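Here's upload-v6.cif, which has mmCIF, C-alpha atoms:
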data_structure
#
loop_
_atom_site.label_atom_id
_atom_site.label_comp_id
_atom_site.auth_asym_id
_atom_site.auth_seq_id
_atom_site.Cartn_x
_atom_site.Cartn_y
_atom_site.Cartn_z
CA MET A 25 37.59 39.16 47.96
CA GLN A 26 35.46 36.51 46.35
CA ALA A 27 38.54 34.42 45.55
CA LEU A 28 39.54 34.47 49.23
CA ILE A 29 36.08 33.36 50.28
CA GLU A 30 36.14 30.56 47.72
CA VAL A 31 39.33 29.10 49.24
CA GLY A 32 37.86 29.13 52.75
CA THR A 33 38.69 32.52 54.25
CA ASP A 34 35.90 33.24 56.73
CA GLY A 35 37.15 36.36 58.54
CA PHE A 36 38.17 39.83 57.34
CA LEU A 37 39.61 43.01 58.84
CA LEU A 38 38.26 45.94 56.82
CA LEU A 39 40.43 49.07 56.89
CA ALA A 40 40.09 52.37 55.08
CA GLY A 41 43.84 53.02 55.05
CA ASP A 42 45.67 56.29 55.63
CA PRO A 43 45.56 58.40 52.42
CA ARG A 44 43.55 61.60 52.78
CA GLN A 45 42.62 61.26 49.12
CA PRO A 46 41.70 57.64 48.29
CA ALA A 47 43.05 56.37 45.00
CA GLY A 48 39.86 54.50 44.14
CA SER A 49 36.13 54.68 44.69
CA PHE A 50 36.14 53.45 48.31
CA GLN A 51 36.15 56.33 50.78
CA ALA A 52 35.73 54.31 53.99
CA ALA A 53 35.88 50.74 55.27
CA MET A 54 32.10 50.55 55.29
CA ASP A 55 32.11 51.18 51.55
CA LEU A 56 33.72 47.75 51.24
CA ALA A 57 31.08 46.15 53.46
CA ASP A 58 28.29 47.82 51.51
CA THR A 59 29.34 46.08 48.29
CA GLY A 60 27.54 43.00 49.60
CA VAL A 61 30.54 40.72 49.12
CA PHE A 62 30.80 40.05 52.85
CA ASP A 63 27.11 39.20 53.16
CA ASP A 64 28.11 35.73 51.98
CA PRO A 65 27.11 33.26 54.76
CA ARG A 66 30.60 31.72 54.57
CA VAL A 67 31.99 34.94 56.07
CA LYS A 68 31.70 34.50 59.83
CA THR A 69 33.81 37.34 61.24
CA ILE A 70 34.28 40.99 60.28
CA ALA A 71 36.50 43.42 62.20
CA PHE A 72 36.78 47.18 61.82
CA ALA A 73 39.37 49.61 63.22
CA GLY A 74 38.95 51.58 66.43
CA HIS A 75 41.04 54.59 67.49
CA PRO A 76 41.18 55.31 71.26
CA TYR A 77 43.81 58.00 70.65
CA GLY A 78 42.04 59.44 67.65
CA ASN A 79 42.64 59.14 63.92
CA PRO A 80 44.73 61.95 62.40
CA ASN A 81 43.41 61.15 58.93
CA THR A 82 39.79 62.09 59.57
CA THR A 83 37.54 64.16 61.83
CA GLU A 84 35.72 63.11 64.99
CA ASP A 85 32.36 63.75 63.34
CA LYS A 86 33.29 61.50 60.43
CA THR A 87 34.51 58.79 62.81
CA THR A 88 31.21 58.91 64.72
CA SER A 89 29.21 58.78 61.49
CA GLU A 90 31.17 55.74 60.27
CA LEU A 91 30.72 54.06 63.65
CA ARG A 92 26.96 54.38 63.24
CA ARG A 93 27.21 52.80 59.79
CA LYS A 94 29.12 49.86 61.24
CA ASN A 95 26.52 49.38 63.95
CA VAL A 96 23.69 49.43 61.42
CA TYR A 97 25.54 46.85 59.34
CA ALA A 98 26.12 44.64 62.39
CA ALA A 99 22.46 44.84 63.40
CA ALA A 100 21.48 43.77 59.88
CA HIS A 101 23.85 40.77 60.06
CA PRO A 102 23.32 39.22 63.52
CA GLU A 103 24.65 35.89 62.29
CA LYS A 104 28.14 37.37 61.92
CA ASP A 105 30.70 38.16 64.62
CA ILE A 106 31.40 41.87 64.05
CA PHE A 107 33.67 43.88 66.35
CA LEU A 108 36.32 46.62 66.54
CA ILE A 109 40.09 46.08 66.81
CA THR A 110 41.88 49.14 68.14
CA GLN A 111 45.13 50.83 67.40
CA VAL A 112 47.86 50.23 70.00
CA CYS A 113 46.74 51.04 73.57
CA TYR A 114 48.92 51.70 76.59
CA SER A 115 46.72 53.41 79.17
CA PRO A 116 43.76 51.39 80.57
CA SER A 117 42.02 54.55 81.79
CA THR A 118 42.29 56.21 78.36
CA PHE A 119 40.92 53.08 76.69
CA LEU A 120 37.99 52.81 79.10
CA ARG A 121 37.09 56.49 78.73
CA TRP A 122 37.07 55.94 74.96
CA LEU A 123 34.77 52.93 75.41
CA ASP A 124 32.39 55.16 77.38
CA ARG A 125 32.45 57.77 74.60
CA LEU A 126 31.64 55.09 72.03
CA GLU A 127 28.75 53.88 74.14
CA ARG A 128 27.34 57.39 74.47
CA ALA A 129 27.56 57.65 70.68
CA GLY A 130 25.38 54.54 70.40
CA ASN A 131 28.03 51.89 69.79
CA LYS A 132 26.97 48.28 70.40
CA LEU A 133 30.00 46.58 68.85
CA PRO A 134 32.39 44.79 71.21
CA VAL A 135 36.00 45.97 71.14
CA ARG A 136 39.30 44.07 71.07
CA PRO A 137 42.00 46.40 72.46
CA GLY A 138 45.34 46.23 70.68
CA VAL A 139 48.65 46.08 72.55
CA MET A 140 52.18 46.31 71.23
CA LEU A 141 54.71 43.60 71.95
CA GLY A 142 58.36 44.68 71.97
CA ASP A 143 60.69 47.16 73.66
CA VAL A 144 60.51 50.95 73.43
CA LYS A 145 62.74 51.00 70.34
CA ALA A 146 60.41 48.58 68.56
CA LYS A 147 57.36 50.60 69.58
CA PHE A 148 58.94 53.79 68.27
CA ALA A 149 59.73 52.02 64.98
CA PHE A 150 56.12 50.87 64.74
CA ALA A 151 54.75 54.36 65.39
CA HIS A 152 57.25 55.92 62.97
CA GLY A 153 56.22 53.48 60.25
CA ASN A 154 52.53 54.20 60.82
CA PHE A 155 52.61 57.98 61.12
CA VAL A 156 55.77 59.26 59.42
CA ALA A 157 57.74 57.00 57.07
CA GLY A 158 57.44 57.63 53.35
CA ARG A 159 55.15 60.65 53.65
CA PRO A 160 55.55 64.21 52.32
CA THR A 161 57.26 66.68 54.67
CA SER A 162 54.02 68.27 55.87
CA GLU A 163 52.59 64.82 56.61
CA GLN A 164 55.78 63.82 58.46
CA ILE A 165 55.47 66.85 60.74
CA ARG A 166 51.85 65.95 61.44
CA GLY A 167 52.92 62.36 62.08
CA TYR A 168 55.55 63.35 64.65
CA LEU A 169 53.04 65.60 66.39
CA LYS A 170 50.62 62.69 66.53
CA MET A 171 53.32 60.45 68.05
CA LEU A 172 54.00 63.10 70.71
CA GLN A 173 50.28 63.44 71.38
CA ILE A 174 49.88 59.68 71.89
CA GLY A 175 52.95 59.58 74.14
CA ALA A 176 51.64 62.46 76.25
CA ALA A 177 48.25 60.75 76.60
CA GLN A 178 49.62 57.72 78.47
CA GLY A 179 49.46 59.08 81.99
CA LEU A 180 50.82 57.14 84.94
CA ASP A 181 48.88 53.98 84.14
CA GLY A 182 50.19 53.86 80.59
CA ILE A 183 53.91 54.29 81.18
CA GLY A 184 54.43 50.69 82.28
CA SER A 185 52.76 49.33 79.14
CA LEU A 186 54.81 51.67 76.99
CA MET A 187 58.07 50.47 78.55
CA ALA A 188 57.31 46.75 78.93
CA THR A 189 58.12 44.16 76.27
CA VAL A 190 54.77 42.56 77.04
CA PRO A 191 52.25 44.96 78.67
CA THR A 192 51.07 42.45 81.27
CA SER A 193 49.50 45.18 83.44
CA PHE A 194 47.23 46.37 80.62
CA ILE A 195 46.35 42.80 79.65
CA ALA A 196 45.56 41.85 83.24
CA LYS A 197 43.38 44.91 83.81
CA MET A 198 41.38 44.17 80.69
CA ALA A 199 40.95 40.55 81.84
CA LEU A 200 39.79 41.67 85.29
CA ARG A 201 37.38 44.15 83.77
CA ALA A 202 35.82 41.61 81.39
CA GLU A 203 35.88 38.58 83.73
CA GLY A 204 32.72 36.77 84.83
CA ASP A 205 29.02 36.97 84.05
CA ASN A 206 28.89 40.59 85.20
CA GLY A 207 32.05 41.62 83.36
CA ASP A 208 32.32 44.42 80.82
CA LYS A 209 30.83 42.86 77.69
CA ARG A 210 32.23 45.68 75.57
CA ILE A 211 35.71 44.12 75.82
CA ARG A 212 36.32 41.17 73.48
CA GLY A 213 39.74 39.62 74.18
CA MET A 214 42.98 41.25 73.05
CA HIS A 215 44.79 41.89 69.78
CA TYR A 216 48.59 41.67 69.74
CA TYR A 217 50.70 43.70 67.34
CA SER A 218 53.43 41.08 67.30
CA GLY A 219 55.97 41.94 64.62
CA PHE A 220 58.94 42.40 66.94
CA GLY A 221 60.30 39.03 67.93
CA ALA A 222 59.21 35.54 68.84
CA ALA A 223 60.17 35.96 72.51
CA ALA A 224 57.58 38.69 73.09
CA VAL A 225 54.90 36.65 71.31
CA LYS A 226 55.77 33.58 73.42
CA GLN A 227 55.53 35.60 76.63
CA ALA A 228 52.16 37.09 75.60
CA VAL A 229 50.78 33.61 74.86
CA GLU A 230 51.98 32.47 78.30
CA VAL A 231 50.26 35.43 79.96
CA ASN A 232 47.02 34.56 78.19
CA HIS A 233 47.36 30.94 79.33
CA GLN A 234 47.89 32.02 82.93
CA LEU A 235 44.78 34.19 82.85
CA ALA A 236 42.68 31.48 81.16
CA THR A 237 43.72 28.78 83.64
CA GLY A 238 43.37 30.85 86.81
CA GLN A 239 47.07 31.36 87.46
CA PHE A 240 46.67 34.85 88.89
CA ARG A 241 45.63 36.64 92.04
CA VAL A 242 43.50 39.75 92.37
CA SER A 243 44.94 42.66 94.33
CA GLY A 244 42.67 45.66 94.61
CA SER A 245 41.72 46.64 91.07
CA GLY A 246 44.58 44.77 89.41
CA ILE A 247 45.77 41.25 88.65
CA ALA A 248 49.16 39.69 89.34
CA VAL A 249 49.71 36.96 86.77
CA GLY A 250 51.78 33.85 87.40
CA ALA A 251 50.54 33.36 90.95
CA ALA A 252 47.86 30.77 91.69
#

Turn this file's structure into structure tokens for me.
Amino acid sequence: MQALIEVGTDGFLLLAGDPRQPAGSFQAAMDLADTGVFDDPRVKTIAFAGHPYGNPNTTEDKTTSELRRKNVYAAAHPEKDIFLITQVCYSPSTFLRWLDRLERAGNKLPVRPGVMLGDVKAKFAFAHGNFVAGRPTSEQIRGYLKMLQIGAAQGLDGIGSLMATVPTSFIAKMALRAEGDNGDKRIRGMHYYSGFGAAAVKQAVEVNHQLATGQFRVSGSGIAVGAA
């Protein structure tokens, strides 16, 4: 870590990883933060993981406990930009309900929802790689069950994002929710999982540009991008 800081790296995403039994002495992402390495004033940004659909590798109580640790760390380091980046989201309503649960648990960290760029085949490959590939048989079964659980959790407002190469509906709803002085300050931009082709990345960048430059119109509780 220190070598990265020395060459100018000023932002880090701290992840615990998936193994149920860690190979080393670090049991959670906050164990990395508590080493003091990231207290260096040259480190400006620290991101942690968020799990709107749950984390199959831990318990809800443990997740809540770790969230409190992250908030304590952030409060002790107000000079740093500290926030959560989520796993892939498809359903705006599911994401917002999760935000409410975090708030009730005392969370003060802003959240950057993650969206997947690419077609359904690419999204399946991503989920398979995260939950199933290379694991023992019992873990593979659990991984497939988790994939089914996430798919079933989409609801009507998540199907479009699941099917679309770029989930413009989800992106637009997050922008509408966070827009303006009275917007939802819990939402901090977006995070794109963009490993599935330059075309999807290009389209996502264009959507962001349209939102940032006012090239959209509001219709009810949604946004249509590309229309001034």

Exercise for the section: Within 9 Å of region 171-175 of chain A, counting all atoms listed in the file, which residues show up once you throw out same-chain ones fewer than 5 positions away? Write them as a VMD selection string, please. Expected result: chain A and resid 77 to 78 148 151 to 152 155 166 183 186

Problem - Residues near Glu30 (chain A), cut-off 12 Å, all atoms listed in the file, skip fewer than 3 positions along chain, as a ChimeraX atom specification - result: /A:25-27,33-34,61,64-67

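For the structure in this document, the set picked by the PyMOL selection byres ((chain A and resi 114) around 7) is Val112, Cys113, Ser115, Pro116, Val139, Gln178, Gly182, Ser185, Leu186 and Phe194 of chain A.
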
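From CA of Tyr216 (chain A) back to CA of Met140 (chain A), the distance works out to 6.1 Å.
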
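Of the listed residues (A:Lys209, A:Lys226, A:Lys147, A:Arg201), A:Lys147 comes nearest to Ala188 (chain A); the distances count all atoms listed in the file.
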
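If you measure from each of A:Thr192, A:Thr161, A:Thr83, A:Thr59 to Phe240 (chain A) using all atoms listed in the file, the closest one turns out to be A:Thr192.
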
Practice task
Step by step, work through what the PyMOL selection byres ((chain A and resi 120) around 12) selects in the shown file, and finish by giving those residues as a PyMOL selection string.
Solution key: chain A and resi 76-77+113-119+121-127+135-137+194+197-198+201-202+208+210-211

Practice task
Please indicate the distance in Å from CA of Leu37 (chain A) to CA of Leu141 (chain A), rounded to one decimal place.
Solution key: 20.0 Å

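Reported to one decimal place, the separation of CA of Leu39 (chain A) from CA of Arg93 (chain A) is 14.0 Å.
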
Handout entry: the PyMOL selection byres ((chain A and resi 50-57) around 6) applied to the shown file, residues as a PyMOL selection string
Key = chain A and resi 38-40+48-49+58-59

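Using all atoms listed in the file for every distance, the candidate list A:Ala129, A:Val190, A:Leu180, A:Ile165 yields A:Val190 as the residue closest to Val144 (chain A).
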
Can region 163-181 of chain A be brought up to N, CA and C atoms and written out as a compact mmCIF listing (two decimals), keeping the file's coordinate frame?
# COMPACT_ATOMS: atom_id res chain seq x y z
N GLU A 163 53.21 65.98 55.97
CA GLU A 163 52.59 64.82 56.61
C GLU A 163 53.52 64.25 57.68
N GLN A 164 54.84 64.30 57.46
CA GLN A 164 55.78 63.82 58.46
C GLN A 164 55.69 64.66 59.73
N ILE A 165 55.60 65.96 59.57
CA ILE A 165 55.47 66.85 60.74
C ILE A 165 54.21 66.50 61.52
N ARG A 166 53.12 66.33 60.79
CA ARG A 166 51.85 65.95 61.44
C ARG A 166 51.98 64.60 62.12
N GLY A 167 52.73 63.68 61.50
CA GLY A 167 52.92 62.36 62.08
C GLY A 167 53.71 62.42 63.38
N TYR A 168 54.78 63.22 63.42
CA TYR A 168 55.55 63.35 64.65
C TYR A 168 54.73 63.99 65.76
N LEU A 169 53.92 64.97 65.40
CA LEU A 169 53.04 65.60 66.39
C LEU A 169 52.05 64.59 66.95
N LYS A 170 51.55 63.72 66.07
CA LYS A 170 50.62 62.69 66.53
C LYS A 170 51.32 61.72 67.47
N MET A 171 52.56 61.34 67.17
CA MET A 171 53.32 60.45 68.05
C MET A 171 53.51 61.10 69.42
N LEU A 172 53.83 62.39 69.45
CA LEU A 172 54.00 63.10 70.71
C LEU A 172 52.69 63.15 71.48
N GLN A 173 51.60 63.38 70.75
CA GLN A 173 50.28 63.44 71.38
C GLN A 173 49.92 62.11 72.04
N ILE A 174 50.18 61.01 71.34
CA ILE A 174 49.88 59.68 71.89
C ILE A 174 50.77 59.41 73.10
N GLY A 175 52.05 59.78 73.01
CA GLY A 175 52.95 59.58 74.14
C GLY A 175 52.51 60.37 75.37
N ALA A 176 52.07 61.61 75.14
CA ALA A 176 51.64 62.46 76.25
C ALA A 176 50.34 61.98 76.87
N ALA A 177 49.56 61.20 76.12
CA ALA A 177 48.25 60.75 76.60
C ALA A 177 48.33 59.53 77.52
N GLN A 178 49.53 58.97 77.71
CA GLN A 178 49.62 57.72 78.47
C GLN A 178 49.25 57.88 79.93
N GLY A 179 49.71 58.95 80.57
CA GLY A 179 49.46 59.08 81.99
C GLY A 179 50.25 58.03 82.77
N LEU A 180 50.06 58.03 84.08
CA LEU A 180 50.82 57.14 84.94
C LEU A 180 50.50 55.68 84.67
N ASP A 181 49.23 55.39 84.32
CA ASP A 181 48.88 53.98 84.14
C ASP A 181 49.23 53.46 82.76
